[in-house]
Amino acid sequence: MKTKNQNVFARRLTLGVACVTAAFCLWHGSLVNAQKASEPAHGSSSPSSSNPARKHPFEPTEELVYVAEFSRALLKKVDIADFRFTASKQPALQKVSLSTLQQQRSGGGPYLLKFTGDVSSKGFFSKLFNLRFREQIESIVDPASFTVQKTKRIDEQGKRARISETIYNDGKVIWTERDPNNPSRPQRKAEAPFAGRVQDVLSAIYYLRTQPLEVGRSFDITVSDSGAVYQVPVRVVEKRRKKTVLGRVETIRVDPQVFGPDRLLDGDGQFSIWITNDSRRIPVSARIKMRYGTFDITLRKVTQPTAQESLARVER
């Protein structure tokens, strides 16, 4: 039987994973001051505004695969979860011709960015806590303003399952959640206002990748999760060369302040992300320290098809 502490632990780890996703793919530059009082609130944008002047490091497509390991006392780096994050482009219009789709895939024409994150427990972790979890997140983002438009989430913990959807429009976050195993159960709902740009826990990381990083700088970012809106301070801490699956590369450490009162995660903890200090802005590792133990998330595989390969897939 699972204890209350085990359930809390699993939920916090799942949220931490989501934050890593955002910090990862997410999710990569410094968390820039994404909300400014002088900026207008962004909601759904017209297709004409969905064509940024420059491409992003993760376009046209990208897939990042990570493994998470847990350490506590004598228990050292036990595999507990797999992460898989993807970035892709989709047409901004409901109906498009093949030529329009080809134009969009090659960098022209209106489009939206689609980010997906899939995190699932594995191996010893599931046996230790008698618990399996899986979290899937899908974010739709306007590439010009880089503000999230819609978030879908599937959260599974053992036999428990929840499906939620968040819409961001006219300076308001509208969140609904339902139980797919009990359709008669009333939906949970929440609303909250926001100003300027807003991200979810996944799109935030991709947004970071588009920003410049300077050691010593601090930023805030507005992040929405489960119908609430949070201000997340971020510090750019240091540069360090690290051995990674990409080779030995220079990285920049970024610390999003996600723990504490009125933050994404209650209680004490520390969250750090290491991002390559080059044009790719790839998150190569992250570490979450909590009173339960330490979680290390490490990049294992990167797939970035060329524009020609992506177009060939569409034509098939």
# chains A, B, ... in the order shown; residues from 1 in each chain; ligands from 1
call {"tool": "residues_around", "arguments": {"residues": "A:Gly267", "least_positions_apart": "4", "cutoff": "9 Å", "atoms": "only C-alpha atoms", "output": "PyMOL selection string"}}
result
chain A and resi 259-261+290-291
call {"tool": "residues_around", "arguments": {"residues": "A:Arg241", "least_positions_apart": "2", "cutoff": "9 Å", "atoms": "only C-alpha atoms", "output": "PyMOL selection string"}}
result
chain A and resi 239+243+248-252
call {"tool": "write_last_selection", "arguments": {"atoms": "N, CA, C and O atoms", "output": "mmCIF file, in the first residue's frame"}}
result
data_model
loop_
_atom_site.group_PDB
_atom_site.id
_atom_site.type_symbol
_atom_site.label_atom_id
_atom_site.label_comp_id
_atom_site.auth_asym_id
_atom_site.auth_seq_id
_atom_site.Cartn_x
_atom_site.Cartn_y
_atom_site.Cartn_z
ATOM 1 N N LYS A 239 29.840 29.014 -15.823
ATOM 2 C CA LYS A 239 30.213 28.238 -16.994
ATOM 3 C C LYS A 239 31.083 27.075 -16.536
ATOM 4 O O LYS A 239 31.887 27.209 -15.628
ATOM 5 N N LYS A 243 31.589 16.553 -19.499
ATOM 6 C CA LYS A 243 31.611 15.404 -20.391
ATOM 7 C C LYS A 243 30.181 14.963 -20.635
ATOM 8 O O LYS A 243 29.446 14.651 -19.701
ATOM 9 N N ARG A 248 32.962 16.526 -24.843
ATOM 10 C CA ARG A 248 33.276 17.460 -23.760
ATOM 11 C C ARG A 248 32.981 18.879 -24.258
ATOM 12 O O ARG A 248 33.640 19.372 -25.178
ATOM 13 N N VAL A 249 31.972 19.495 -23.665
ATOM 14 C CA VAL A 249 31.496 20.787 -24.166
ATOM 15 C C VAL A 249 31.406 21.793 -23.034
ATOM 16 O O VAL A 249 31.306 21.440 -21.849
ATOM 17 N N GLU A 250 31.441 23.062 -23.408
ATOM 18 C CA GLU A 250 31.237 24.120 -22.420
ATOM 19 C C GLU A 250 29.743 24.295 -22.179
ATOM 20 O O GLU A 250 28.957 24.368 -23.129
ATOM 21 N N THR A 251 29.365 24.354 -20.926
ATOM 22 C CA THR A 251 27.961 24.502 -20.573
ATOM 23 C C THR A 251 27.771 25.707 -19.659
ATOM 24 O O THR A 251 28.721 26.218 -19.056
ATOM 25 N N ILE A 252 26.530 26.135 -19.576
ATOM 26 C CA ILE A 252 26.146 27.210 -18.660
ATOM 27 C C ILE A 252 25.116 26.654 -17.688
ATOM 28 O O ILE A 252 24.153 26.006 -18.092
#
call {"tool": "closest_residue", "arguments": {"among": "A:Thr276, A:Thr244, A:Ser285, A:Thr151", "to": "A:Ser226", "atoms": "only C-alpha atoms"}}
result
A:Thr151
call {"tool": "residues_around", "arguments": {"residues": "A:Ala190", "least_positions_apart": "6", "cutoff": "9 Å", "atoms": "only C-alpha atoms", "output": "PDB file with N, CA and C atoms, in the first residue's frame"}}
result
ATOM      1  N   VAL A 173      -5.775  32.566 -17.920  1.00  0.00           N
ATOM      2  CA  VAL A 173      -5.513  31.130 -17.997  1.00  0.00           C
ATOM      3  C   VAL A 173      -6.800  30.405 -17.599  1.00  0.00           C
ATOM      4  N   ILE A 174      -7.275  29.503 -18.460  1.00  0.00           N
ATOM      5  CA  ILE A 174      -8.480  28.719 -18.164  1.00  0.00           C
ATOM      6  C   ILE A 174      -8.096  27.247 -18.179  1.00  0.00           C
ATOM      7  N   TRP A 175      -8.201  26.586 -17.021  1.00  0.00           N
ATOM      8  CA  TRP A 175      -7.756  25.197 -16.838  1.00  0.00           C
ATOM      9  C   TRP A 175      -8.928  24.304 -16.463  1.00  0.00           C
ATOM     10  N   THR A 176      -9.012  23.140 -17.109  1.00  0.00           N
ATOM     11  CA  THR A 176     -10.019  22.134 -16.759  1.00  0.00           C
ATOM     12  C   THR A 176      -9.337  20.783 -16.648  1.00  0.00           C
ATOM     13  N   SER A 226      -1.558  23.894 -13.770  1.00  0.00           N
ATOM     14  CA  SER A 226      -2.810  23.466 -13.131  1.00  0.00           C
ATOM     15  C   SER A 226      -3.697  24.646 -12.752  1.00  0.00           C
ATOM     16  N   GLY A 227      -3.789  25.634 -13.626  1.00  0.00           N
ATOM     17  CA  GLY A 227      -4.703  26.752 -13.417  1.00  0.00           C
ATOM     18  C   GLY A 227      -4.170  27.862 -12.544  1.00  0.00           C
ATOM     19  N   ALA A 228      -2.949  27.728 -12.035  1.00  0.00           N
ATOM     20  CA  ALA A 228      -2.339  28.776 -11.226  1.00  0.00           C
ATOM     21  C   ALA A 228      -1.189  29.409 -12.012  1.00  0.00           C
TER      22      ALA A 228
END
call {"tool": "residues_around", "arguments": {"residues": "A:Gln199", "least_positions_apart": "4", "cutoff": "8 Å", "atoms": "only C-alpha atoms", "output": "list of chain:residue names"}}
result
A:Thr147, A:Val148, A:Ser203, A:Ala204, A:Ile221, A:Thr222, A:Val223, A:Ser224
call {"tool": "write_last_selection", "arguments": {"atoms": "N, CA, C and O atoms", "output": "compact mmCIF listing (two decimals), in the first residue's frame"}}
result
# COMPACT_ATOMS: atom_id res chain seq x y z
N THR A 147 4.69 32.69 -26.84
CA THR A 147 3.81 32.53 -25.69
C THR A 147 2.95 31.31 -25.94
O THR A 147 2.57 31.01 -27.08
N VAL A 148 2.67 30.55 -24.90
CA VAL A 148 1.91 29.32 -25.05
C VAL A 148 0.44 29.63 -25.32
O VAL A 148 -0.11 30.59 -24.77
N SER A 203 6.91 24.54 -22.27
CA SER A 203 7.32 25.59 -23.21
C SER A 203 8.36 26.53 -22.61
O SER A 203 9.16 27.13 -23.33
N ALA A 204 8.38 26.64 -21.28
CA ALA A 204 9.34 27.54 -20.63
C ALA A 204 10.76 27.16 -20.98
O ALA A 204 11.61 28.03 -21.19
N ILE A 221 10.33 34.55 -14.85
CA ILE A 221 9.49 34.06 -15.93
C ILE A 221 8.12 33.72 -15.35
O ILE A 221 8.02 33.26 -14.21
N THR A 222 7.08 33.98 -16.11
CA THR A 222 5.73 33.64 -15.69
C THR A 222 5.40 32.25 -16.20
O THR A 222 5.46 31.99 -17.40
N VAL A 223 5.06 31.34 -15.27
CA VAL A 223 4.76 29.95 -15.62
C VAL A 223 3.40 29.59 -15.05
O VAL A 223 3.11 29.86 -13.87
N SER A 224 2.56 28.97 -15.86
CA SER A 224 1.26 28.50 -15.42
C SER A 224 1.27 26.98 -15.28
O SER A 224 1.80 26.27 -16.14
call {"tool": "atom_distance", "arguments": {"atom1": "atom CA of A:Val234", "atom2": "atom CA of A:Ala73"}}
result
28.9 Å
call {"tool": "closest_residue", "arguments": {"among": "A:Tyr206, A:Glu135, A:Ile163, A:Leu213", "to": "A:Glu59", "atoms": "only C-alpha atoms"}}
result
A:Tyr206
call {"tool": "select_by_dssp", "arguments": {"residues": "stretch 140-262 of chain A", "states": "alpha helix (DSSP H)", "output": "list in words"}}
result
Ser203, Ala204, Ile205, Tyr206, Tyr207, Leu208 and Arg209 of chain A
call {"tool": "write_last_selection", "arguments": {"atoms": "all heavy atoms", "output": "mmCIF file, in the first residue's frame"}}
result
data_model
loop_
_atom_site.group_PDB
_atom_site.id
_atom_site.type_symbol
_atom_site.label_atom_id
_atom_site.label_comp_id
_atom_site.auth_asym_id
_atom_site.auth_seq_id
_atom_site.Cartn_x
_atom_site.Cartn_y
_atom_site.Cartn_z
ATOM 1 N N SER A 203 6.908 24.543 -22.265
ATOM 2 C CA SER A 203 7.317 25.591 -23.213
ATOM 3 C C SER A 203 8.360 26.528 -22.611
ATOM 4 O O SER A 203 9.162 27.131 -23.334
ATOM 5 C CB SER A 203 6.097 26.397 -23.670
ATOM 6 O OG SER A 203 5.597 27.212 -22.624
ATOM 7 N N ALA A 204 8.379 26.637 -21.281
ATOM 8 C CA ALA A 204 9.343 27.535 -20.627
ATOM 9 C C ALA A 204 10.764 27.162 -20.980
ATOM 10 O O ALA A 204 11.614 28.031 -21.186
ATOM 11 C CB ALA A 204 9.137 27.498 -19.112
ATOM 12 N N ILE A 205 11.053 25.873 -21.059
ATOM 13 C CA ILE A 205 12.415 25.455 -21.351
ATOM 14 C C ILE A 205 12.803 25.796 -22.779
ATOM 15 O O ILE A 205 13.899 26.256 -23.034
ATOM 16 C CB ILE A 205 12.569 23.962 -21.127
ATOM 17 C CG1 ILE A 205 12.310 23.658 -19.676
ATOM 18 C CG2 ILE A 205 13.968 23.509 -21.475
ATOM 19 C CD1 ILE A 205 13.032 24.542 -18.728
ATOM 20 N N TYR A 206 11.898 25.552 -23.714
ATOM 21 C CA TYR A 206 12.204 25.902 -25.098
ATOM 22 C C TYR A 206 12.387 27.410 -25.224
ATOM 23 O O TYR A 206 13.219 27.881 -25.989
ATOM 24 C CB TYR A 206 11.095 25.404 -26.021
ATOM 25 C CG TYR A 206 11.141 23.923 -26.247
ATOM 26 C CD1 TYR A 206 10.320 23.058 -25.532
ATOM 27 C CD2 TYR A 206 12.027 23.361 -27.165
ATOM 28 C CE1 TYR A 206 10.374 21.693 -25.737
ATOM 29 C CE2 TYR A 206 12.091 22.008 -27.369
ATOM 30 C CZ TYR A 206 11.255 21.172 -26.651
ATOM 31 O OH TYR A 206 11.329 19.817 -26.842
ATOM 32 N N TYR A 207 11.574 28.141 -24.496
ATOM 33 C CA TYR A 207 11.704 29.597 -24.516
ATOM 34 C C TYR A 207 13.089 30.008 -24.037
ATOM 35 O O TYR A 207 13.721 30.915 -24.586
ATOM 36 C CB TYR A 207 10.634 30.220 -23.625
ATOM 37 C CG TYR A 207 10.764 31.706 -23.474
ATOM 38 C CD1 TYR A 207 10.470 32.561 -24.540
ATOM 39 C CD2 TYR A 207 11.192 32.269 -22.279
ATOM 40 C CE1 TYR A 207 10.601 33.934 -24.414
ATOM 41 C CE2 TYR A 207 11.318 33.641 -22.136
ATOM 42 C CZ TYR A 207 11.022 34.461 -23.205
ATOM 43 O OH TYR A 207 11.152 35.818 -23.089
ATOM 44 N N LEU A 208 13.594 29.313 -23.022
ATOM 45 C CA LEU A 208 14.910 29.630 -22.484
ATOM 46 C C LEU A 208 15.980 29.465 -23.541
ATOM 47 O O LEU A 208 16.958 30.217 -23.580
ATOM 48 C CB LEU A 208 15.224 28.710 -21.304
ATOM 49 C CG LEU A 208 14.279 28.805 -20.118
ATOM 50 C CD1 LEU A 208 14.716 27.861 -19.021
ATOM 51 C CD2 LEU A 208 14.209 30.226 -19.625
ATOM 52 N N ARG A 209 15.811 28.475 -24.389
ATOM 53 C CA ARG A 209 16.830 28.189 -25.401
ATOM 54 C C ARG A 209 16.986 29.318 -26.408
ATOM 55 O O ARG A 209 17.983 29.410 -27.101
ATOM 56 C CB ARG A 209 16.480 26.897 -26.145
ATOM 57 C CG ARG A 209 16.482 25.665 -25.269
ATOM 58 C CD ARG A 209 16.101 24.431 -26.040
ATOM 59 N NE ARG A 209 17.056 24.092 -27.069
ATOM 60 C CZ ARG A 209 16.973 23.001 -27.832
ATOM 61 N NH1 ARG A 209 15.968 22.168 -27.683
ATOM 62 N NH2 ARG A 209 17.886 22.765 -28.736
#
call {"tool": "closest_residue", "arguments": {"among": "A:Val215, A:Val237, A:Val65, A:Val141", "to": "A:Pro91", "atoms": "only C-alpha atoms"}}
result
A:Val141
call {"tool": "closest_residue", "arguments": {"among": "A:Ala286, A:Ala195, A:Val229, A:Ile275", "to": "A:Asp262", "atoms": "only C-alpha atoms"}}
result
A:Val229
call {"tool": "atom_distance", "arguments": {"atom1": "atom CA of A:Gln270", "atom2": "atom CA of A:Asp220"}}
result
16.4 Å
call {"tool": "select_by_dssp", "arguments": {"residues": "stretch 89-292 of chain A", "states": "strand (DSSP E or B)", "output": "PyMOL selection string"}}
result
chain A and resi 89-91+111-121+133-142+147-157+160-169+172-178+188-193+199+218-225+228-244+247-256+259+265+270-276+283-290
call {"tool": "closest_residue", "arguments": {"among": "A:Glu156, A:Asp200, A:Asp268, A:Glu177", "to": "A:Glu138", "atoms": "only C-alpha atoms"}}
result
A:Asp200
call {"tool": "closest_residue", "arguments": {"among": "A:Lys114, A:Lys55, A:Arg72, A:Arg300", "to": "A:Leu202", "atoms": "only C-alpha atoms"}}
result
A:Lys114
call {"tool": "atom_distance", "arguments": {"atom1": "atom CA of A:Pro60", "atom2": "atom CA of A:Lys89"}}
result
6.4 Å
